[in-house]
file run.json (JSON, C-alpha atoms)
[["chain", "number", "residue", "atom", "x", "y", "z"],
["Y", 1, "MET", "CA", 58.29, 101.59, -19.74],
["Y", 2, "GLY", "CA", 59.23, 104.01, -22.52],
["Y", 3, "VAL", "CA", 61.72, 105.88, -20.32],
["Y", 4, "ARG", "CA", 65.34, 106.25, -21.42],
["Y", 5, "TYR", "CA", 68.31, 108.04, -19.99],
["Y", 6, "PHE", "CA", 69.24, 109.49, -23.37],
["Y", 7, "PRO", "CA", 69.16, 111.44, -25.53],
["Y", 8, "VAL", "CA", 68.97, 114.52, -23.34],
["Y", 9, "MET", "CA", 67.91, 117.55, -25.35],
["Y", 10, "LYS", "CA", 68.92, 121.16, -24.81],
["Y", 11, "ILE", "CA", 65.61, 123.05, -24.60],
["Y", 12, "GLY", "CA", 65.07, 126.80, -24.44],
["Y", 13, "LEU", "CA", 61.89, 128.65, -23.46],
["Y", 14, "PHE", "CA", 61.27, 132.38, -23.26],
["Y", 15, "ASP", "CA", 58.68, 134.88, -22.09],
["Y", 16, "SER", "CA", 58.47, 138.44, -20.80],
["Y", 17, "GLY", "CA", 58.26, 137.17, -17.23],
["Y", 18, "ILE", "CA", 56.82, 134.31, -15.18],
["Y", 19, "GLY", "CA", 54.03, 133.45, -17.64],
["Y", 20, "GLY", "CA", 56.11, 130.92, -19.56],
["Y", 21, "LEU", "CA", 56.52, 128.93, -16.35],
["Y", 22, "THR", "CA", 53.04, 127.54, -17.10],
["Y", 23, "VAL", "CA", 54.61, 125.93, -20.17],
["Y", 24, "LEU", "CA", 57.88, 124.94, -18.50],
["Y", 25, "LYS", "CA", 56.06, 123.22, -15.65],
["Y", 26, "LYS", "CA", 54.05, 121.00, -17.98],
["Y", 27, "VAL", "CA", 57.12, 120.21, -20.08],
["Y", 28, "ILE", "CA", 59.07, 119.15, -16.98],
["Y", 29, "GLU", "CA", 56.16, 117.05, -15.69],
["Y", 30, "ASN", "CA", 55.93, 115.18, -18.99],
["Y", 31, "PHE", "CA", 59.56, 114.92, -20.10],
["Y", 32, "GLY", "CA", 61.68, 115.09, -16.97],
["Y", 33, "ASN", "CA", 65.40, 115.68, -16.95],
["Y", 34, "HIS", "CA", 66.31, 117.46, -20.16],
["Y", 35, "GLU", "CA", 68.59, 120.49, -20.16],
["Y", 36, "TYR", "CA", 66.34, 123.53, -19.70],
["Y", 37, "PHE", "CA", 67.11, 127.23, -20.24],
["Y", 38, "TYR", "CA", 64.32, 129.69, -19.44],
["Y", 39, "LEU", "CA", 64.79, 133.33, -20.42],
["Y", 40, "ALA", "CA", 62.59, 135.85, -18.60],
["Y", 41, "ASP", "CA", 62.81, 139.31, -20.15],
["Y", 42, "ASN", "CA", 61.13, 140.89, -17.13],
["Y", 43, "LEU", "CA", 63.08, 144.09, -17.70],
["Y", 44, "ASN", "CA", 60.55, 144.72, -20.49],
["Y", 45, "VAL", "CA", 57.39, 143.13, -19.07],
["Y", 46, "PRO", "CA", 54.62, 143.38, -20.21],
["Y", 47, "TYR", "CA", 55.09, 142.65, -23.91],
["Y", 48, "GLY", "CA", 51.36, 142.92, -24.58],
["Y", 49, "SER", "CA", 51.28, 146.71, -24.89],
["Y", 50, "LYS", "CA", 54.80, 147.50, -26.16],
["Y", 51, "PRO", "CA", 55.41, 148.84, -29.71],
["Y", 52, "ILE", "CA", 55.78, 146.02, -32.26],
["Y", 53, "PRO", "CA", 59.11, 147.30, -33.72],
["Y", 54, "PHE", "CA", 60.58, 147.32, -30.20],
["Y", 55, "LEU", "CA", 59.38, 143.75, -29.60],
["Y", 56, "ARG", "CA", 60.68, 142.55, -32.97],
["Y", 57, "GLU", "CA", 64.12, 143.80, -31.99],
["Y", 58, "LYS", "CA", 63.90, 142.07, -28.61],
["Y", 59, "LEU", "CA", 62.78, 138.89, -30.33],
["Y", 60, "LYS", "CA", 65.79, 138.99, -32.66],
["Y", 61, "ASN", "CA", 68.07, 139.37, -29.65],
["Y", 62, "ILE", "CA", 66.42, 136.49, -27.80],
["Y", 63, "LEU", "CA", 66.57, 134.11, -30.76],
["Y", 64, "SER", "CA", 70.18, 135.03, -31.46],
["Y", 65, "PHE", "CA", 70.98, 134.41, -27.80],
["Y", 66, "PHE", "CA", 69.52, 130.90, -27.93],
["Y", 67, "HIS", "CA", 71.22, 130.27, -31.28],
["Y", 68, "THR", "CA", 74.56, 131.08, -29.67],
["Y", 69, "MET", "CA", 73.71, 128.73, -26.80],
["Y", 70, "LYS", "CA", 73.09, 125.96, -29.33],
["Y", 71, "VAL", "CA", 69.72, 124.87, -27.96],
["Y", 72, "GLU", "CA", 68.03, 122.19, -30.05],
["Y", 73, "LEU", "CA", 64.44, 123.21, -29.33],
["Y", 74, "LEU", "CA", 63.18, 126.72, -28.67],
["Y", 75, "ILE", "CA", 59.66, 126.82, -27.28],
["Y", 76, "SER", "CA", 57.80, 130.08, -27.73],
["Y", 77, "ALA", "CA", 56.23, 130.52, -24.29],
["Y", 78, "CYS", "CA", 54.87, 133.93, -25.27],
["Y", 79, "ASN", "CA", 51.82, 134.39, -27.49],
["Y", 80, "THR", "CA", 52.65, 138.01, -28.29],
["Y", 81, "THR", "CA", 56.07, 137.25, -29.76],
["Y", 82, "ASP", "CA", 54.68, 134.21, -31.57],
["Y", 83, "SER", "CA", 52.07, 136.52, -33.11],
["Y", 84, "ILE", "CA", 54.92, 138.76, -34.27],
["Y", 85, "VAL", "CA", 56.64, 135.76, -35.86],
["Y", 86, "LYS", "CA", 53.45, 134.82, -37.70],
["Y", 87, "LYS", "CA", 52.25, 138.26, -38.79],
["Y", 88, "THR", "CA", 55.39, 140.32, -39.51],
["Y", 89, "ASN", "CA", 57.41, 138.02, -41.78],
["Y", 90, "PHE", "CA", 59.80, 137.09, -39.01],
["Y", 91, "ASP", "CA", 61.94, 134.18, -40.21],
["Y", 92, "THR", "CA", 62.81, 131.53, -37.60],
["Y", 93, "LYS", "CA", 64.35, 129.08, -40.06],
["Y", 94, "ASN", "CA", 67.88, 130.52, -40.10],
["Y", 95, "TYR", "CA", 68.65, 129.46, -36.54],
["Y", 96, "SER", "CA", 70.21, 126.28, -35.18],
["Y", 97, "PHE", "CA", 67.08, 125.22, -33.26],
["Y", 98, "THR", "CA", 63.60, 123.98, -34.06],
["Y", 99, "TYR", "CA", 61.17, 126.78, -33.21],
["Y", 100, "VAL", "CA", 57.98, 125.55, -31.51],
["Y", 101, "SER", "CA", 54.95, 127.82, -32.02],
["Y", 102, "ILE", "CA", 52.54, 128.18, -29.12],
["Y", 103, "ILE", "CA", 49.67, 129.50, -31.27],
["Y", 104, "GLU", "CA", 49.76, 126.62, -33.75],
["Y", 105, "ASN", "CA", 49.58, 124.14, -30.89],
["Y", 106, "ALA", "CA", 47.01, 126.09, -28.87],
["Y", 107, "ILE", "CA", 44.22, 125.73, -31.41],
["Y", 108, "LYS", "CA", 44.49, 122.00, -32.09],
["Y", 109, "THR", "CA", 41.66, 121.04, -29.73],
["Y", 110, "VAL", "CA", 39.28, 123.71, -31.06],
["Y", 111, "GLU", "CA", 36.62, 122.19, -33.31],
["Y", 112, "ARG", "CA", 34.56, 123.66, -36.12],
["Y", 113, "ASN", "CA", 31.31, 124.09, -34.20],
["Y", 114, "ASP", "CA", 32.89, 125.52, -31.05],
["Y", 115, "SER", "CA", 32.02, 128.98, -29.85],
["Y", 116, "VAL", "CA", 35.31, 130.47, -28.68],
["Y", 117, "LEU", "CA", 36.44, 133.27, -26.40],
["Y", 118, "LEU", "CA", 40.08, 134.28, -26.85],
["Y", 119, "LEU", "CA", 41.61, 136.04, -23.85],
["Y", 120, "ALA", "CA", 44.92, 137.65, -24.77],
["Y", 121, "THR", "CA", 47.08, 140.76, -24.70],
["Y", 122, "GLU", "CA", 46.29, 143.81, -26.81],
["Y", 123, "ASN", "CA", 49.20, 143.08, -29.18],
["Y", 124, "THR", "CA", 48.22, 139.43, -29.63],
["Y", 125, "ILE", "CA", 44.67, 140.36, -30.55],
["Y", 126, "ASN", "CA", 45.62, 143.30, -32.75],
["Y", 127, "LEU", "CA", 48.16, 141.24, -34.70],
["Y", 128, "GLY", "CA", 45.43, 138.72, -35.50],
["Y", 129, "ALA", "CA", 47.41, 135.48, -35.68],
["Y", 130, "TYR", "CA", 44.90, 133.59, -33.54],
["Y", 131, "LYS", "CA", 41.94, 134.92, -35.51],
["Y", 132, "GLU", "CA", 43.54, 133.94, -38.80],
["Y", 133, "ALA", "CA", 44.33, 130.43, -37.56],
["Y", 134, "LEU", "CA", 40.84, 129.92, -36.14],
["Y", 135, "ILE", "CA", 39.17, 131.16, -39.33],
["Y", 136, "LYS", "CA", 41.20, 128.56, -41.23],
["Y", 137, "LYS", "CA", 39.61, 125.98, -38.94],
["Y", 138, "LYS", "CA", 36.17, 127.30, -39.96],
["Y", 139, "ILE", "CA", 35.45, 128.82, -36.54],
["Y", 140, "THR", "CA", 32.67, 131.37, -37.05],
["Y", 141, "ASN", "CA", 31.66, 132.14, -33.47],
["Y", 142, "LEU", "CA", 34.72, 133.91, -32.05],
["Y", 143, "GLU", "CA", 34.99, 136.73, -29.54],
["Y", 144, "GLU", "CA", 38.34, 138.28, -28.64],
["Y", 145, "LYS", "CA", 38.94, 140.11, -25.39],
["Y", 146, "ALA", "CA", 42.12, 141.95, -24.46],
["Y", 147, "CYS", "CA", 42.90, 141.75, -20.74],
["Y", 148, "PRO", "CA", 45.85, 144.15, -20.27],
["Y", 149, "LEU", "CA", 45.62, 144.19, -16.46],
["Y", 150, "PHE", "CA", 46.12, 140.42, -16.08],
["Y", 151, "VAL", "CA", 49.89, 140.38, -16.69],
["Y", 152, "PRO", "CA", 50.79, 143.23, -14.28],
["Y", 153, "LEU", "CA", 48.48, 141.65, -11.69],
["Y", 154, "ILE", "CA", 50.24, 138.28, -12.03],
["Y", 155, "GLU", "CA", 53.74, 139.75, -12.16],
["Y", 156, "GLU", "CA", 53.03, 141.56, -8.87],
["Y", 157, "GLY", "CA", 51.93, 138.30, -7.25],
["Y", 158, "TYR", "CA", 48.20, 139.07, -6.95],
["Y", 159, "TRP", "CA", 46.98, 135.64, -8.04],
["Y", 160, "ASP", "CA", 43.92, 135.56, -5.79],
["Y", 161, "GLY", "CA", 42.15, 137.75, -3.27],
["Y", 162, "GLN", "CA", 40.11, 140.92, -3.62],
["Y", 163, "MET", "CA", 42.31, 142.67, -6.19],
["Y", 164, "ALA", "CA", 42.43, 139.65, -8.50],
["Y", 165, "GLU", "CA", 38.68, 139.13, -8.16],
["Y", 166, "SER", "CA", 37.91, 142.74, -9.08],
["Y", 167, "VAL", "CA", 40.07, 142.58, -12.22],
["Y", 168, "LEU", "CA", 38.62, 139.22, -13.28],
["Y", 169, "ARG", "CA", 35.10, 140.51, -12.71],
["Y", 170, "PHE", "CA", 35.83, 143.61, -14.77],
["Y", 171, "TYR", "CA", 36.80, 141.56, -17.83],
["Y", 172, "LEU", "CA", 34.61, 138.46, -17.47],
["Y", 173, "GLN", "CA", 31.40, 139.45, -15.67],
["Y", 174, "ASP", "CA", 29.32, 138.99, -18.84],
["Y", 175, "SER", "CA", 31.01, 135.78, -20.03],
["Y", 176, "LYS", "CA", 29.18, 133.11, -18.01],
["Y", 177, "SER", "CA", 28.25, 130.00, -20.05],
["Y", 178, "LYS", "CA", 28.47, 131.84, -23.39],
["Y", 179, "TYR", "CA", 31.29, 129.83, -24.96],
["Y", 180, "HIS", "CA", 32.27, 126.21, -25.50],
["Y", 181, "LYS", "CA", 35.95, 127.00, -25.09],
["Y", 182, "VAL", "CA", 38.07, 129.79, -23.66],
["Y", 183, "ILE", "CA", 41.59, 130.02, -25.07],
["Y", 184, "LEU", "CA", 44.13, 131.40, -22.62],
["Y", 185, "GLY", "CA", 46.07, 133.32, -25.26],
["Y", 186, "CYS", "CA", 48.79, 134.54, -22.91],
["Y", 187, "THR", "CA", 50.97, 132.16, -20.91],
["Y", 188, "HIS", "CA", 50.45, 134.23, -17.76],
["Y", 189, "TYR", "CA", 46.71, 133.55, -17.78],
["Y", 190, "PRO", "CA", 46.73, 129.87, -16.69],
["Y", 191, "ILE", "CA", 47.89, 131.15, -13.29],
["Y", 192, "LEU", "CA", 44.32, 132.52, -13.02],
["Y", 193, "GLU", "CA", 42.75, 129.46, -14.65],
["Y", 194, "ASN", "CA", 40.50, 128.43, -11.73],
["Y", 195, "GLN", "CA", 39.03, 131.91, -11.44],
["Y", 196, "ILE", "CA", 38.59, 132.22, -15.22],
["Y", 197, "ARG", "CA", 36.75, 128.91, -15.25],
["Y", 198, "LYS", "CA", 34.49, 130.13, -12.45],
["Y", 199, "TYR", "CA", 33.57, 133.30, -14.34],
["Y", 200, "THR", "CA", 33.07, 131.64, -17.75],
["Y", 201, "ASN", "CA", 31.85, 128.12, -16.88],
["Y", 202, "SER", "CA", 33.57, 127.00, -20.09],
["Y", 203, "SER", "CA", 36.16, 124.45, -21.13],
["Y", 204, "ILE", "CA", 39.61, 126.02, -20.78],
["Y", 205, "VAL", "CA", 42.23, 125.68, -23.51],
["Y", 206, "ASP", "CA", 45.74, 125.97, -22.05],
["Y", 207, "PRO", "CA", 48.18, 126.19, -24.99],
["Y", 208, "ALA", "CA", 50.87, 124.47, -22.89],
["Y", 209, "GLU", "CA", 48.97, 121.21, -23.31],
["Y", 210, "GLY", "CA", 49.21, 121.57, -27.08],
["Y", 211, "ILE", "CA", 52.96, 122.14, -26.75],
["Y", 212, "VAL", "CA", 53.27, 118.90, -24.76],
["Y", 213, "ASP", "CA", 51.33, 116.96, -27.42],
["Y", 214, "PHE", "CA", 53.55, 118.40, -30.15],
["Y", 215, "LEU", "CA", 56.73, 117.44, -28.31],
["Y", 216, "LYS", "CA", 55.42, 113.91, -27.78],
["Y", 217, "ASN", "CA", 53.97, 113.24, -31.21],
["Y", 218, "GLU", "CA", 56.06, 115.36, -33.60],
["Y", 219, "ILE", "CA", 59.44, 115.80, -31.90],
["Y", 220, "LYS", "CA", 59.22, 112.34, -30.24],
["Y", 221, "LEU", "CA", 60.71, 113.81, -27.08],
["Y", 222, "GLU", "CA", 61.12, 111.15, -24.43],
["Y", 223, "LYS", "CA", 60.90, 111.27, -20.67],
["Y", 224, "ILE", "CA", 64.30, 111.22, -18.99],
["Y", 225, "ASP", "CA", 64.93, 110.23, -15.38],
["Y", 226, "GLY", "CA", 67.32, 112.08, -13.12],
["Y", 227, "LYS", "CA", 67.67, 115.27, -11.11],
["Y", 228, "ILE", "CA", 66.02, 118.13, -12.99],
["Y", 229, "ARG", "CA", 67.81, 121.46, -13.32],
["Y", 230, "VAL", "CA", 66.50, 124.65, -14.87],
["Y", 231, "ASN", "CA", 68.76, 127.56, -15.77],
["Y", 232, "TYR", "CA", 66.79, 130.78, -15.34],
["Y", 233, "LEU", "CA", 68.20, 133.72, -17.29],
["Y", 234, "VAL", "CA", 66.64, 136.96, -16.09],
["Y", 235, "THR", "CA", 67.05, 140.43, -17.62],
["Y", 236, "GLY", "CA", 65.39, 142.41, -14.83],
["Y", 237, "ASN", "CA", 64.64, 141.93, -11.13],
["Y", 238, "THR", "CA", 66.12, 138.52, -10.36],
["Y", 239, "GLU", "CA", 64.99, 138.37, -6.71],
["Y", 240, "LYS", "CA", 61.39, 139.11, -7.60],
["Y", 241, "PHE", "CA", 61.43, 136.49, -10.35],
["Y", 242, "LYS", "CA", 63.02, 133.99, -7.95],
["Y", 243, "LEU", "CA", 60.27, 134.56, -5.37],
["Y", 244, "LEU", "CA", 57.39, 134.22, -7.84],
["Y", 245, "SER", "CA", 58.91, 131.18, -9.57],
["Y", 246, "LYS", "CA", 59.39, 129.50, -6.18],
["Y", 247, "ILE", "CA", 55.69, 129.98, -5.40],
["Y", 248, "PHE", "CA", 54.47, 128.76, -8.80],
["Y", 249, "MET", "CA", 56.90, 125.82, -9.05],
["Y", 250, "LYS", "CA", 56.57, 124.77, -5.41],
["Y", 251, "ASP", "CA", 55.32, 121.27, -6.21],
["Y", 252, "VAL", "CA", 58.04, 120.57, -8.82],
["Y", 253, "LYS", "CA", 61.10, 118.68, -7.59],
["Y", 254, "TYR", "CA", 63.98, 120.37, -9.36],
["Y", 255, "HIS", "CA", 67.07, 122.50, -8.87],
["Y", 256, "PRO", "CA", 66.71, 126.08, -10.14],
["Y", 257, "ILE", "CA", 69.74, 128.18, -11.06],
["Y", 258, "PHE", "CA", 69.22, 131.94, -11.43],
["Y", 259, "LYS", "CA", 71.46, 134.24, -13.47],
["Y", 260, "LYS", "CA", 71.11, 137.92, -14.38],
["Y", 261, "ILE", "CA", 71.86, 138.56, -18.05],
["Y", 262, "GLU", "CA", 71.90, 141.40, -20.54],
["Y", 263, "LEU", "CA", 70.58, 140.78, -24.03],
["Y", 264, "GLU", "CA", 72.93, 142.23, -26.59],
["Y", 265, "SER", "CA", 71.56, 143.88, -29.72],
["Y", 266, "THR", "CA", 72.10, 141.97, -32.95]]
call {"tool": "encode", "arguments": {"input": "run.json", "output": "structure tokens"}}
result
Amino acid sequence: MGVRYFPVMKIGLFDSGIGGLTVLKKVIENFGNHEYFYLADNLNVPYGSKPIPFLREKLKNILSFFHTMKVELLISACNTTDSIVKKTNFDTKNYSFTYVSIIENAIKTVERNDSVLLLATENTINLGAYKEALIKKKITNLEEKACPLFVPLIEEGYWDGQMAESVLRFYLQDSKSKYHKVILGCTHYPILENQIRKYTNSSIVDPAEGIVDFLKNEIKLEKIDGKIRVNYLVTGNTEKFKLLSKIFMKDVKYHPIFKKIELEST
């Protein structure tokens, strides 16, 4: 049936908080029992409005951390840091792992005649990696909208209800049926996917699906049976991360292990 018990791969993912769980969840659902390490730098969340030099330094520390851990794949589950990689001459080739870009895989389903709305953080939009990639695909009808309140809203657990609705309405009240596709250019945003679809009435592009396709077709990652474990490495409030991850991953059968870490400067 195409399922083997080996080879198990050592896979790292990272984000500023719980957003990257939207990628992890889809990876687990499609590939099963690999060895997963998820780093949540929630001590510094949100990344979307932090100074770029500060984030570059954090990114160096994170990549060095995973290099030391000898992961084989490192999945960028953060669009802001991936934008930094693409737009600030950040070299990922001198590490032991294969770096998987979320932006490159996000845009694969966007077609030339599509009208596109990109929802993302301020840093992601200002860095322009998405815009550059979409222009290369001959996309001419593109609107970009920074939604800086989405990440704090999600990190505080307000995923629905009156507060979430008011923030969504603030950003998207004029977006109904204006676009073929809406790219969720921050991994936190799929947590609000149903509401975003309601306000835009558009096809939603979740970059995590592009990551899954890349792992299947380019990496040839196979599905592995067995009890799934995820090692969560958290720089900030571990209990808060544990609570939110439990809610989001409630329908995933796996064993989570939580550990507080400090990222050392390189």
call {"tool": "closest_residue", "arguments": {"input": "run.json", "among": "Y:Lys10, Y:His188, Y:Lys131, Y:Lys25", "to": "Y:Lys250", "atoms": "all atoms listed in the file"}}
result
Y:Lys25
call {"tool": "residues_around", "arguments": {"input": "run.json", "residues": "Y:Ile11", "least_positions_apart": "2", "cutoff": "7 Å", "atoms": "only C-alpha atoms", "output": "MDAnalysis selection string"}}
result
chainID Y and resid 9 13 35:37 71:74
call {"tool": "residues_near_point", "arguments": {"input": "run.json", "point": "(62.6, 139.7, -30.5)", "cutoff": "10 Å", "atoms": "only C-alpha atoms", "output": "ChimeraX atom specification"}}
result
/Y:52-64,81-82,84-85,90,265
call {"tool": "closest_residue", "arguments": {"input": "run.json", "among": "Y:Cys147, Y:Ala133, Y:Leu233, Y:Val212", "to": "Y:Ile261", "atoms": "only C-alpha atoms"}}
result
Y:Leu233
call {"tool": "closest_residue", "arguments": {"input": "run.json", "among": "Y:Glu222, Y:Asp91, Y:Glu132, Y:Glu262", "to": "Y:Ile107", "atoms": "all atoms listed in the file"}}
result
Y:Glu132
call {"tool": "residues_around", "arguments": {"input": "run.json", "residues": "stretch 111-119 of chain Y", "least_positions_apart": "6", "cutoff": "8 Å", "atoms": "all atoms listed in the file", "output": "list of chain:residue names"}}
result
Y:Lys137, Y:Lys138, Y:Ile139, Y:Thr140, Y:Asn141, Y:Leu142, Y:Glu143, Y:Glu144, Y:Lys145, Y:Ala146, Y:Cys147, Y:Lys178, Y:Tyr179, Y:His180, Y:Lys181, Y:Val182, Y:Ile183, Y:Leu184, Y:Gly185, Y:Cys186
call {"tool": "residues_near_point", "arguments": {"input": "run.json", "point": "(47.7, 140.6, -32.7)", "cutoff": "10 Å", "atoms": "all atoms listed in the file", "output": "ChimeraX atom specification"}}
result
/Y:48,52,79-84,86-87,120-132
call {"tool": "atom_distance", "arguments": {"input": "run.json", "atom1": "atom CA of Y:Tyr254", "atom2": "atom CA of Y:Leu39"}}
result
17.1 Å
call {"tool": "residues_around", "arguments": {"input": "run.json", "residues": "Y:Gln173", "least_positions_apart": "3", "cutoff": "9 Å", "atoms": "all atoms listed in the file", "output": "PDB file with C-alpha atoms, keeping the file's coordinate frame"}}
result
ATOM      1  CA  LEU Y 168      38.620 139.220 -13.280  1.00  0.00           C
ATOM      2  CA  ARG Y 169      35.100 140.510 -12.710  1.00  0.00           C
ATOM      3  CA  PHE Y 170      35.830 143.610 -14.770  1.00  0.00           C
ATOM      4  CA  LYS Y 176      29.180 133.110 -18.010  1.00  0.00           C
ATOM      5  CA  TYR Y 199      33.570 133.300 -14.340  1.00  0.00           C
ATOM      6  CA  THR Y 200      33.070 131.640 -17.750  1.00  0.00           C
TER       7      THR Y 200
END
call {"tool": "atom_distance", "arguments": {"input": "run.json", "atom1": "atom CA of Y:Pro207", "atom2": "atom CA of Y:Leu24"}}
result
11.7 Å
call {"tool": "atom_distance", "arguments": {"input": "run.json", "atom1": "atom CA of Y:Ile102", "atom2": "atom CA of Y:Thr187"}}
result
9.3 Å
call {"tool": "closest_atom_pairs", "arguments": {"input": "run.json", "of": "stretch 98-135 of chain Y", "to": "stretch 14-19 of chain Y", "cutoff": "12 Å", "atoms": "all atoms listed in the file", "output": "CSV"}}
result
residue,atom,partner,partner_atom,distance
Y:Tyr99,CA,Y:Phe14,CA,11.4
Y:Val100,CA,Y:Phe14,CA,11.2
Y:Ser101,CA,Y:Phe14,CA,11.7
Y:Ile102,CA,Y:Phe14,CA,11.3
call {"tool": "axis_aligned_box", "arguments": {"input": "run.json", "around": "stretch 110-127 of chain Y", "padding_each_side": "5 Å", "output": "AutoDock Vina command-line options"}}
result
--center_x 40.3 --center_y 133.0 --center_z -30.0 --size_x 27.9 --size_y 31.6 --size_z 22.3
call {"tool": "residues_around", "arguments": {"input": "run.json", "residues": "Y:Asp251", "least_positions_apart": "4", "cutoff": "12 Å", "atoms": "all atoms listed in the file", "output": "short mmCIF file (atom, residue, chain, number, x, y, z; two decimals) with C-alpha atoms, in the frame of the given file"}}
result
data_model
loop_
_atom_site.label_atom_id
_atom_site.label_comp_id
_atom_site.auth_asym_id
_atom_site.auth_seq_id
_atom_site.Cartn_x
_atom_site.Cartn_y
_atom_site.Cartn_z
CA LYS Y 25 56.06 123.22 -15.65
CA LYS Y 26 54.05 121.00 -17.98
CA ILE Y 28 59.07 119.15 -16.98
CA GLU Y 29 56.16 117.05 -15.69
CA SER Y 245 58.91 131.18 -9.57
CA LYS Y 246 59.39 129.50 -6.18
CA ILE Y 247 55.69 129.98 -5.40
#
call {"tool": "closest_residue", "arguments": {"input": "run.json", "among": "Y:Lys50, Y:Lys216, Y:Lys93, Y:Lys259", "to": "Y:Glu239", "atoms": "all atoms listed in the file"}}
result
Y:Lys259
call {"tool": "closest_residue", "arguments": {"input": "run.json", "among": "Y:Ile224, Y:Leu244, Y:Cys78, Y:Ile211", "to": "Y:Trp159", "atoms": "only C-alpha atoms"}}
result
Y:Leu244
call {"tool": "closest_residue", "arguments": {"input": "run.json", "among": "Y:Leu153, Y:Val230, Y:Val205, Y:Ile75", "to": "Y:Pro46", "atoms": "only C-alpha atoms"}}
result
Y:Leu153
call {"tool": "decode", "arguments": {"input": "run.json", "residues": "stretch 162-175 of chain Y", "atoms": "N, CA, C and O atoms", "output": "compact mmCIF listing (two decimals), in the first residue's frame"}}
result
# COMPACT_ATOMS: atom_id res chain seq x y z
N GLN Y 162 -16.92 37.02 19.47
CA GLN Y 162 -17.12 38.44 19.14
C GLN Y 162 -15.81 39.16 18.85
O GLN Y 162 -15.72 39.96 17.91
N MET Y 163 -14.77 38.88 19.65
CA MET Y 163 -13.50 39.58 19.44
C MET Y 163 -12.88 39.19 18.10
O MET Y 163 -12.42 40.05 17.34
N ALA Y 164 -12.88 37.90 17.80
CA ALA Y 164 -12.34 37.43 16.51
C ALA Y 164 -13.12 38.02 15.35
O ALA Y 164 -12.53 38.48 14.35
N GLU Y 165 -14.45 38.03 15.48
CA GLU Y 165 -15.29 38.56 14.40
C GLU Y 165 -15.01 40.04 14.14
O GLU Y 165 -14.96 40.48 12.99
N SER Y 166 -14.81 40.80 15.21
CA SER Y 166 -14.57 42.23 15.02
C SER Y 166 -13.24 42.49 14.32
O SER Y 166 -13.14 43.39 13.46
N VAL Y 167 -12.22 41.71 14.65
CA VAL Y 167 -10.91 41.87 14.01
C VAL Y 167 -10.98 41.43 12.54
O VAL Y 167 -10.46 42.12 11.65
N LEU Y 168 -11.62 40.31 12.29
CA LEU Y 168 -11.77 39.84 10.91
C LEU Y 168 -12.55 40.84 10.07
O LEU Y 168 -12.19 41.13 8.93
N ARG Y 169 -13.60 41.38 10.64
CA ARG Y 169 -14.41 42.37 9.92
C ARG Y 169 -13.60 43.63 9.61
O ARG Y 169 -13.70 44.20 8.53
N PHE Y 170 -12.77 44.03 10.55
CA PHE Y 170 -11.94 45.22 10.37
C PHE Y 170 -11.04 45.09 9.14
O PHE Y 170 -10.90 46.02 8.34
N TYR Y 171 -10.43 43.90 8.97
CA TYR Y 171 -9.49 43.71 7.86
C TYR Y 171 -10.18 43.31 6.55
O TYR Y 171 -9.69 43.64 5.46
N LEU Y 172 -11.30 42.59 6.63
CA LEU Y 172 -11.81 41.91 5.44
C LEU Y 172 -13.21 42.35 5.02
O LEU Y 172 -13.78 41.77 4.09
N GLN Y 173 -13.74 43.39 5.62
CA GLN Y 173 -15.14 43.76 5.33
C GLN Y 173 -15.36 44.17 3.87
O GLN Y 173 -16.48 44.08 3.37
N ASP Y 174 -14.31 44.60 3.18
CA ASP Y 174 -14.47 45.01 1.77
C ASP Y 174 -13.89 43.99 0.79
O ASP Y 174 -13.59 44.33 -0.36
N SER Y 175 -13.73 42.75 1.23
CA SER Y 175 -13.02 41.75 0.41
C SER Y 175 -13.93 40.69 -0.19
O SER Y 175 -13.45 39.75 -0.82
